[in-house]
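See below for coords_33.pdb, which holds PDB, C-alpha atoms.
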ATOM      1  CA  ALA F  26       2.322 -12.674  13.758  1.00  0.00           C
ATOM      2  CA  GLN F  27       1.088  -9.591  11.978  1.00  0.00           C
ATOM      3  CA  ARG F  28      -1.542 -10.477   9.406  1.00  0.00           C
ATOM      4  CA  VAL F  29      -4.364  -8.821   7.500  1.00  0.00           C
ATOM      5  CA  THR F  30      -7.083 -10.894   5.890  1.00  0.00           C
ATOM      6  CA  GLN F  31      -9.654  -9.698   3.407  1.00  0.00           C
ATOM      7  CA  PRO F  32     -11.826 -12.754   2.804  1.00  0.00           C
ATOM      8  CA  GLU F  33     -13.558 -11.479  -0.334  1.00  0.00           C
ATOM      9  CA  LYS F  34     -11.548 -10.971  -3.512  1.00  0.00           C
ATOM     10  CA  LEU F  35     -14.606  -9.730  -5.365  1.00  0.00           C
ATOM     11  CA  LEU F  36     -17.730  -7.972  -4.162  1.00  0.00           C
ATOM     12  CA  SER F  37     -20.579  -6.767  -6.318  1.00  0.00           C
ATOM     13  CA  VAL F  38     -23.544  -4.670  -5.202  1.00  0.00           C
ATOM     14  CA  PHE F  39     -26.200  -2.552  -6.852  1.00  0.00           C
ATOM     15  CA  LYS F  40     -26.188   1.220  -6.683  1.00  0.00           C
ATOM     16  CA  GLY F  41     -27.938   2.427  -3.549  1.00  0.00           C
ATOM     17  CA  ALA F  42     -27.402  -0.832  -1.669  1.00  0.00           C
ATOM     18  CA  PRO F  43     -25.338  -1.005   1.512  1.00  0.00           C
ATOM     19  CA  VAL F  44     -21.830  -2.323   1.194  1.00  0.00           C
ATOM     20  CA  GLU F  45     -19.463  -3.866   3.717  1.00  0.00           C
ATOM     21  CA  LEU F  46     -15.892  -4.844   2.917  1.00  0.00           C
ATOM     22  CA  LYS F  47     -14.490  -7.197   5.497  1.00  0.00           C
ATOM     23  CA  CYS F  48     -11.091  -6.995   7.112  1.00  0.00           C
ATOM     24  CA  ASN F  49      -9.725  -9.149   9.907  1.00  0.00           C
ATOM     25  CA  TYR F  50      -6.328  -8.823  11.489  1.00  0.00           C
ATOM     26  CA  SER F  51      -3.991 -10.559  13.867  1.00  0.00           C
ATOM     27  CA  TYR F  52      -1.538  -8.527  15.880  1.00  0.00           C
ATOM     28  CA  SER F  53      -0.090  -8.646  19.365  1.00  0.00           C
ATOM     29  CA  GLY F  54      -0.517  -5.055  20.393  1.00  0.00           C
ATOM     30  CA  SER F  55      -2.611  -1.997  19.642  1.00  0.00           C
ATOM     31  CA  PRO F  56      -2.882  -1.789  15.869  1.00  0.00           C
ATOM     32  CA  GLU F  57      -3.041   1.241  13.668  1.00  0.00           C
ATOM     33  CA  LEU F  58      -5.470   0.298  10.912  1.00  0.00           C
ATOM     34  CA  PHE F  59      -6.177   1.858   7.559  1.00  0.00           C
ATOM     35  CA  TRP F  60      -8.209   1.499   4.416  1.00  0.00           C
ATOM     36  CA  TYR F  61      -6.642   2.371   1.078  1.00  0.00           C
ATOM     37  CA  VAL F  62      -8.419   2.595  -2.267  1.00  0.00           C
ATOM     38  CA  GLN F  63      -7.244   2.371  -5.841  1.00  0.00           C
ATOM     39  CA  TYR F  64      -9.588   3.636  -8.533  1.00  0.00           C
ATOM     40  CA  SER F  65      -9.083   2.573 -12.119  1.00  0.00           C
ATOM     41  CA  ARG F  66      -5.876   4.049 -13.572  1.00  0.00           C
ATOM     42  CA  GLN F  67      -5.146   6.011 -10.399  1.00  0.00           C
ATOM     43  CA  ARG F  68      -2.557   5.559  -7.706  1.00  0.00           C
ATOM     44  CA  LEU F  69      -3.233   3.851  -4.426  1.00  0.00           C
ATOM     45  CA  GLN F  70      -4.513   6.395  -1.903  1.00  0.00           C
ATOM     46  CA  LEU F  71      -5.393   6.531   1.758  1.00  0.00           C
ATOM     47  CA  LEU F  72      -9.145   6.402   2.361  1.00  0.00           C
ATOM     48  CA  LEU F  73      -9.328   6.531   6.135  1.00  0.00           C
ATOM     49  CA  ARG F  74      -7.506   5.775   9.401  1.00  0.00           C
ATOM     50  CA  HIS F  75      -9.217   4.169  12.361  1.00  0.00           C
ATOM     51  CA  ILE F  76      -7.644   6.602  14.791  1.00  0.00           C
ATOM     52  CA  SER F  77      -9.282   9.553  13.050  1.00  0.00           C
ATOM     53  CA  ARG F  78     -12.764   8.083  13.413  1.00  0.00           C
ATOM     54  CA  GLU F  79     -13.750   9.984  10.303  1.00  0.00           C
ATOM     55  CA  SER F  80     -16.131   9.383   7.433  1.00  0.00           C
ATOM     56  CA  ILE F  81     -14.664   9.795   3.982  1.00  0.00           C
ATOM     57  CA  LYS F  82     -16.869   9.697   0.879  1.00  0.00           C
ATOM     58  CA  GLY F  83     -19.583   8.219   3.074  1.00  0.00           C
ATOM     59  CA  PHE F  84     -17.379   5.312   4.204  1.00  0.00           C
ATOM     60  CA  THR F  85     -16.795   4.478   7.849  1.00  0.00           C
ATOM     61  CA  ALA F  86     -14.823   1.758   9.574  1.00  0.00           C
ATOM     62  CA  ASP F  87     -14.988   0.699  13.189  1.00  0.00           C
ATOM     63  CA  LEU F  88     -12.245  -1.137  14.959  1.00  0.00           C
ATOM     64  CA  ASN F  89     -13.601  -4.141  16.859  1.00  0.00           C
ATOM     65  CA  LYS F  90     -10.787  -5.423  19.028  1.00  0.00           C
ATOM     66  CA  GLY F  91     -12.851  -8.318  20.337  1.00  0.00           C
ATOM     67  CA  GLU F  92     -13.439  -9.671  16.844  1.00  0.00           C
ATOM     68  CA  THR F  93     -10.125  -8.266  15.533  1.00  0.00           C
ATOM     69  CA  SER F  94     -11.973  -6.701  12.647  1.00  0.00           C
ATOM     70  CA  PHE F  95     -11.972  -3.374  10.847  1.00  0.00           C
ATOM     71  CA  HIS F  96     -14.762  -3.646   8.306  1.00  0.00           C
ATOM     72  CA  LEU F  97     -15.417  -0.809   5.859  1.00  0.00           C
ATOM     73  CA  LYS F  98     -19.037   0.207   5.417  1.00  0.00           C
ATOM     74  CA  LYS F  99     -21.144   2.527   3.343  1.00  0.00           C
ATOM     75  CA  PRO F 100     -24.929   2.696   3.624  1.00  0.00           C
ATOM     76  CA  PHE F 101     -25.630   3.588  -0.009  1.00  0.00           C
ATOM     77  CA  ALA F 102     -23.074   2.529  -2.622  1.00  0.00           C
ATOM     78  CA  GLN F 103     -22.437   4.686  -5.674  1.00  0.00           C
ATOM     79  CA  GLU F 104     -21.074   3.644  -9.055  1.00  0.00           C
ATOM     80  CA  GLU F 105     -17.983   5.796  -8.476  1.00  0.00           C
ATOM     81  CA  ASP F 106     -17.147   3.629  -5.460  1.00  0.00           C
ATOM     82  CA  SER F 107     -16.116   0.843  -7.819  1.00  0.00           C
ATOM     83  CA  ALA F 108     -12.440   0.276  -7.046  1.00  0.00           C
ATOM     84  CA  MET F 109      -9.918  -1.967  -5.375  1.00  0.00           C
ATOM     85  CA  TYR F 110      -9.896  -1.634  -1.588  1.00  0.00           C
ATOM     86  CA  TYR F 111      -7.031  -2.639   0.670  1.00  0.00           C
ATOM     87  CA  CYS F 112      -7.059  -2.955   4.423  1.00  0.00           C
ATOM     88  CA  ALA F 113      -3.692  -2.300   6.088  1.00  0.00           C
ATOM     89  CA  LEU F 114      -2.154  -2.594   9.537  1.00  0.00           C
ATOM     90  CA  SER F 115       0.808  -0.582  10.770  1.00  0.00           C
ATOM     91  CA  GLY F 116       2.625  -2.776  13.251  1.00  0.00           C
ATOM     92  CA  HIS F 117       6.040  -3.174  14.767  1.00  0.00           C
ATOM     93  CA  ASN F 118       7.903  -3.667  11.539  1.00  0.00           C
ATOM     94  CA  ASP F 119       5.941  -2.479   8.568  1.00  0.00           C
ATOM     95  CA  MET F 120       2.605  -1.540   7.058  1.00  0.00           C
ATOM     96  CA  ARG F 121       1.037  -4.892   6.177  1.00  0.00           C
ATOM     97  CA  PHE F 122      -1.606  -4.980   3.452  1.00  0.00           C
ATOM     98  CA  GLY F 123      -4.410  -7.396   2.836  1.00  0.00           C
ATOM     99  CA  ALA F 124      -4.873  -8.985  -0.581  1.00  0.00           C
ATOM    100  CA  GLY F 125      -7.570  -6.489  -1.486  1.00  0.00           C
ATOM    101  CA  THR F 126     -11.246  -6.616  -2.439  1.00  0.00           C
ATOM    102  CA  ARG F 127     -12.451  -5.475  -5.815  1.00  0.00           C
ATOM    103  CA  LEU F 128     -15.771  -3.716  -5.377  1.00  0.00           C
ATOM    104  CA  THR F 129     -18.089  -3.322  -8.338  1.00  0.00           C
ATOM    105  CA  VAL F 130     -21.179  -1.172  -7.983  1.00  0.00           C
ATOM    106  CA  LYS F 131     -23.688  -1.965 -10.673  1.00  0.00           C
ATOM    107  CA  PRO F 132     -26.198   0.608 -11.959  1.00  0.00           C
TER     108      PRO F 132
ATOM    109  CA  LYS W  16       2.067  20.393  -2.872  1.00  0.00           C
ATOM    110  CA  ALA W  17       3.838  17.946  -5.131  1.00  0.00           C
ATOM    111  CA  GLY W  18       3.037  14.294  -4.607  1.00  0.00           C
ATOM    112  CA  VAL W  19       5.333  11.308  -4.453  1.00  0.00           C
ATOM    113  CA  THR W  20       7.323  11.059  -7.659  1.00  0.00           C
ATOM    114  CA  GLN W  21       8.741   7.820  -8.952  1.00  0.00           C
ATOM    115  CA  THR W  22      11.078   7.501 -11.905  1.00  0.00           C
ATOM    116  CA  PRO W  23      11.174   5.967 -14.354  1.00  0.00           C
ATOM    117  CA  ARG W  24       7.554   4.957 -14.944  1.00  0.00           C
ATOM    118  CA  TYR W  25       8.454   1.966 -17.089  1.00  0.00           C
ATOM    119  CA  LEU W  26      11.553  -0.174 -17.458  1.00  0.00           C
ATOM    120  CA  ILE W  27      12.406  -3.195 -19.532  1.00  0.00           C
ATOM    121  CA  LYS W  28      15.524  -5.099 -18.523  1.00  0.00           C
ATOM    122  CA  THR W  29      17.039  -8.440 -19.387  1.00  0.00           C
ATOM    123  CA  ARG W  30      17.827 -11.198 -16.929  1.00  0.00           C
ATOM    124  CA  GLY W  31      21.083 -10.675 -15.096  1.00  0.00           C
ATOM    125  CA  GLN W  32      21.076  -6.896 -15.398  1.00  0.00           C
ATOM    126  CA  GLN W  33      20.639  -4.535 -12.505  1.00  0.00           C
ATOM    127  CA  VAL W  34      18.213  -1.661 -12.097  1.00  0.00           C
ATOM    128  CA  THR W  35      17.866   1.426  -9.918  1.00  0.00           C
ATOM    129  CA  LEU W  36      14.503   2.988  -9.151  1.00  0.00           C
ATOM    130  CA  SER W  37      14.061   6.433  -7.664  1.00  0.00           C
ATOM    131  CA  CYS W  38      11.485   7.970  -5.358  1.00  0.00           C
ATOM    132  CA  SER W  39      11.066  11.586  -4.290  1.00  0.00           C
ATOM    133  CA  PRO W  40       8.752  11.870  -1.281  1.00  0.00           C
ATOM    134  CA  ILE W  41       6.428  14.677  -0.375  1.00  0.00           C
ATOM    135  CA  SER W  42       8.331  17.624   1.042  1.00  0.00           C
ATOM    136  CA  GLY W  43       8.661  17.231   4.787  1.00  0.00           C
ATOM    137  CA  HIS W  44       8.084  13.488   4.778  1.00  0.00           C
ATOM    138  CA  ARG W  45      11.043  11.667   6.259  1.00  0.00           C
ATOM    139  CA  SER W  46       9.678   8.131   5.979  1.00  0.00           C
ATOM    140  CA  VAL W  47       9.876   6.261   2.676  1.00  0.00           C
ATOM    141  CA  SER W  48       8.742   2.695   2.158  1.00  0.00           C
ATOM    142  CA  TRP W  49       8.947   0.448  -0.881  1.00  0.00           C
ATOM    143  CA  TYR W  50       6.545  -2.276  -1.955  1.00  0.00           C
ATOM    144  CA  GLN W  51       6.475  -4.826  -4.732  1.00  0.00           C
ATOM    145  CA  GLN W  52       3.029  -5.351  -6.218  1.00  0.00           C
ATOM    146  CA  THR W  53       2.159  -8.385  -8.321  1.00  0.00           C
ATOM    147  CA  PRO W  54      -1.202  -9.932  -9.247  1.00  0.00           C
ATOM    148  CA  GLY W  55      -0.371 -13.132  -7.400  1.00  0.00           C
ATOM    149  CA  GLN W  56       1.253 -11.808  -4.228  1.00  0.00           C
ATOM    150  CA  GLY W  57      -0.366  -8.402  -3.833  1.00  0.00           C
ATOM    151  CA  LEU W  58       1.591  -5.736  -1.965  1.00  0.00           C
ATOM    152  CA  GLN W  59       4.795  -7.110  -0.472  1.00  0.00           C
ATOM    153  CA  PHE W  60       6.909  -4.957   1.817  1.00  0.00           C
ATOM    154  CA  LEU W  61      10.504  -4.356   0.733  1.00  0.00           C
ATOM    155  CA  PHE W  62      12.050  -1.672   2.941  1.00  0.00           C
ATOM    156  CA  GLU W  63      11.296   1.257   5.170  1.00  0.00           C
ATOM    157  CA  TYR W  64      13.638   4.204   5.583  1.00  0.00           C
ATOM    158  CA  PHE W  65      13.441   7.037   8.065  1.00  0.00           C
ATOM    159  CA  SER W  66      15.929   9.892   8.152  1.00  0.00           C
ATOM    160  CA  GLU W  67      18.471   7.983   6.014  1.00  0.00           C
ATOM    161  CA  THR W  68      18.309   4.850   8.187  1.00  0.00           C
ATOM    162  CA  GLN W  69      16.798   1.579   7.127  1.00  0.00           C
ATOM    163  CA  ARG W  70      14.234   0.922   9.810  1.00  0.00           C
ATOM    164  CA  ASN W  71      12.854  -2.353   8.527  1.00  0.00           C
ATOM    165  CA  LYS W  72      13.389  -4.830   5.723  1.00  0.00           C
ATOM    166  CA  GLY W  73      10.983  -7.318   4.230  1.00  0.00           C
ATOM    167  CA  ASN W  74      11.584 -10.903   3.307  1.00  0.00           C
ATOM    168  CA  PHE W  75      13.379 -10.386   0.007  1.00  0.00           C
ATOM    169  CA  PRO W  76      16.773 -11.698  -1.089  1.00  0.00           C
ATOM    170  CA  GLY W  77      19.908  -9.627  -0.753  1.00  0.00           C
ATOM    171  CA  ARG W  78      19.702  -8.697  -4.443  1.00  0.00           C
ATOM    172  CA  PHE W  79      17.192  -6.078  -3.335  1.00  0.00           C
ATOM    173  CA  SER W  80      18.755  -3.095  -1.635  1.00  0.00           C
ATOM    174  CA  GLY W  81      17.925   0.515  -0.999  1.00  0.00           C
ATOM    175  CA  ARG W  82      19.042   3.741   0.513  1.00  0.00           C
ATOM    176  CA  GLN W  83      17.778   7.141   1.514  1.00  0.00           C
ATOM    177  CA  PHE W  84      19.547  10.420   1.059  1.00  0.00           C
ATOM    178  CA  SER W  85      19.687  13.456   3.320  1.00  0.00           C
ATOM    179  CA  ASN W  86      16.913  15.141   1.307  1.00  0.00           C
ATOM    180  CA  SER W  87      14.701  12.070   1.971  1.00  0.00           C
ATOM    181  CA  ARG W  88      14.840  10.933  -1.637  1.00  0.00           C
ATOM    182  CA  SER W  89      15.201   7.183  -1.864  1.00  0.00           C
ATOM    183  CA  GLU W  90      16.495   4.670  -4.338  1.00  0.00           C
ATOM    184  CA  MET W  91      16.128   0.949  -4.554  1.00  0.00           C
ATOM    185  CA  ASN W  92      18.390  -1.332  -6.503  1.00  0.00           C
ATOM    186  CA  VAL W  93      17.821  -4.826  -7.776  1.00  0.00           C
ATOM    187  CA  SER W  94      20.872  -6.707  -8.987  1.00  0.00           C
ATOM    188  CA  THR W  95      21.052  -9.856 -11.111  1.00  0.00           C
ATOM    189  CA  LEU W  96      17.469  -9.488 -12.271  1.00  0.00           C
ATOM    190  CA  GLU W  97      15.260 -12.541 -12.561  1.00  0.00           C
ATOM    191  CA  LEU W  98      12.060 -12.991 -14.538  1.00  0.00           C
ATOM    192  CA  GLY W  99      10.146 -13.151 -11.259  1.00  0.00           C
ATOM    193  CA  ASP W 100      11.218  -9.617 -10.399  1.00  0.00           C
ATOM    194  CA  SER W 101       8.777  -8.288 -12.986  1.00  0.00           C
ATOM    195  CA  ALA W 102       6.338  -6.211 -10.979  1.00  0.00           C
ATOM    196  CA  LEU W 103       5.053  -2.785 -10.127  1.00  0.00           C
ATOM    197  CA  TYR W 104       7.330  -1.202  -7.533  1.00  0.00           C
ATOM    198  CA  LEU W 105       5.589   1.316  -5.340  1.00  0.00           C
ATOM    199  CA  CYS W 106       7.099   3.970  -3.144  1.00  0.00           C
ATOM    200  CA  ALA W 107       5.162   5.506  -0.271  1.00  0.00           C
ATOM    201  CA  SER W 108       6.055   8.447   1.920  1.00  0.00           C
ATOM    202  CA  SER W 109       4.725   9.701   5.219  1.00  0.00           C
ATOM    203  CA  ARG W 110       5.610  11.864   8.191  1.00  0.00           C
ATOM    204  CA  ASP W 111       5.557   8.604  10.101  1.00  0.00           C
ATOM    205  CA  ARG W 112       4.032   5.276   9.185  1.00  0.00           C
ATOM    206  CA  ASP W 113       1.188   5.578  11.682  1.00  0.00           C
ATOM    207  CA  TYR W 114      -0.138   8.638   9.870  1.00  0.00           C
ATOM    208  CA  GLY W 115      -0.684   6.612   6.735  1.00  0.00           C
ATOM    209  CA  TYR W 116       1.058   6.616   3.391  1.00  0.00           C
ATOM    210  CA  THR W 117       0.968   8.701   0.243  1.00  0.00           C
ATOM    211  CA  PHE W 118       1.849   6.518  -2.716  1.00  0.00           C
ATOM    212  CA  GLY W 119       3.620   7.228  -5.944  1.00  0.00           C
ATOM    213  CA  SER W 120       2.375   5.968  -9.287  1.00  0.00           C
ATOM    214  CA  GLY W 121       4.962   3.227  -9.310  1.00  0.00           C
ATOM    215  CA  THR W 122       7.637   1.926 -11.640  1.00  0.00           C
ATOM    216  CA  ARG W 123       6.583  -0.951 -13.852  1.00  0.00           C
ATOM    217  CA  LEU W 124       9.589  -3.245 -14.246  1.00  0.00           C
ATOM    218  CA  THR W 125       9.546  -5.950 -16.889  1.00  0.00           C
ATOM    219  CA  VAL W 126      12.373  -8.471 -16.965  1.00  0.00           C
ATOM    220  CA  VAL W 127      12.757 -10.389 -20.216  1.00  0.00           C
TER     221      VAL W 127
END

Write the structure described by the file as structure tokens, please.
Amino acid sequence: AQRVTQPEKLLSVFKGAPVELKCNYSYSGSPELFWYVQYSRQRLQLLLRHISRESIKGFTADLNKGETSFHLKKPFAQEEDSAMYYCALSGHNDMRFGAGTRLTVKP
Amino acid sequence: KAGVTQTPRYLIKTRGQQVTLSCSPISGHRSVSWYQQTPGQGLQFLFEYFSETQRNKGNFPGRFSGRQFSNSRSEMNVSTLELGDSALYLCASSRDRDYGYTFGSGTRLTVV
């Protein structure tokens, strides 16, 4: 079965602290994994793709096939990072989204 | 370039009516997918279209249908509306799903 799990609905950190948003998946194959972000009153947008191995706005995500995880990390959180973050997996049939994690970065 | 455009932005319908939502993808994108977003269920997959063909369908009743035209524009239709159909309906386009999606702003449907 194709499944994406984001165990934390809410995550709060202080500005300048490291942040890690967890994502675990189940999929029988080689997954294409993504992180999407939705800032307040903005549309949902693609943050990064695992295949690109890129860093966007200081965020990185590494695919760990052994642990079936794709956690999103940033070493120093900023207040403008406060948003809703969704992990997603493109599988055989569709793009499956996790339930999302609301990140709040406090000043 | 223009983004993904969804119309209308807001709709209020009564139970039993039907509704049609429209999505214009980014120029050159042939893949269009639809999602229903609610606070309780999150993002639920409805359909995926590619070059006018429905490639995949989510686990929704037959009251939910869609289509894609030759210019890649897509519509979805919900017949015999129920209160539980109240949601934000999102359209996403891409060159192909594995490249990632560009989302529209959504259509907020309220069924009363």

Problem set entry | Residues returned when the PyMOL selection byres ((chain F) within 10 of (chain W)) runs on this file, as a ChimeraX atom specification | /F:56-61,66-74,76-77,111,113-125

Exercise. What does the distance between CA of Ser37 (chain F) and CA of Val130 (chain F) come to in Å, to one decimal place?
Worked result: 5.9 Å

Box centre and edge lengths (Å, one decimal), axis-aligned, region 44-48 of chain F plus 3 Å each side, as AutoDock Vina command-line options:
--center_x -16.5 --center_y -4.8 --center_z 4.2 --size_x 16.7 --size_y 10.9 --size_z 11.9

Problem set entry | Residues within 9 Å of region 94-97 of chain W, all atoms listed in the file, excluding chain neighbours under 5 positions, as a PyMOL selection string | chain W and resi 28-35+77-80+126-127

For this session: Give me, please, the distance in Å between CA of Asp106 (chain F) and CA of Ile41 (chain W), quoted to one decimal.
Result: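 Atom-to-atom, CA of Asp106 (chain F) to CA of Ile41 (chain W), that is 26.5 Å.
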
For this session: Find the distance between CA of Arg45 (chain W) and CA of Arg24 (chain W) and write it in Å to one decimal.
Result: 22.5 Å
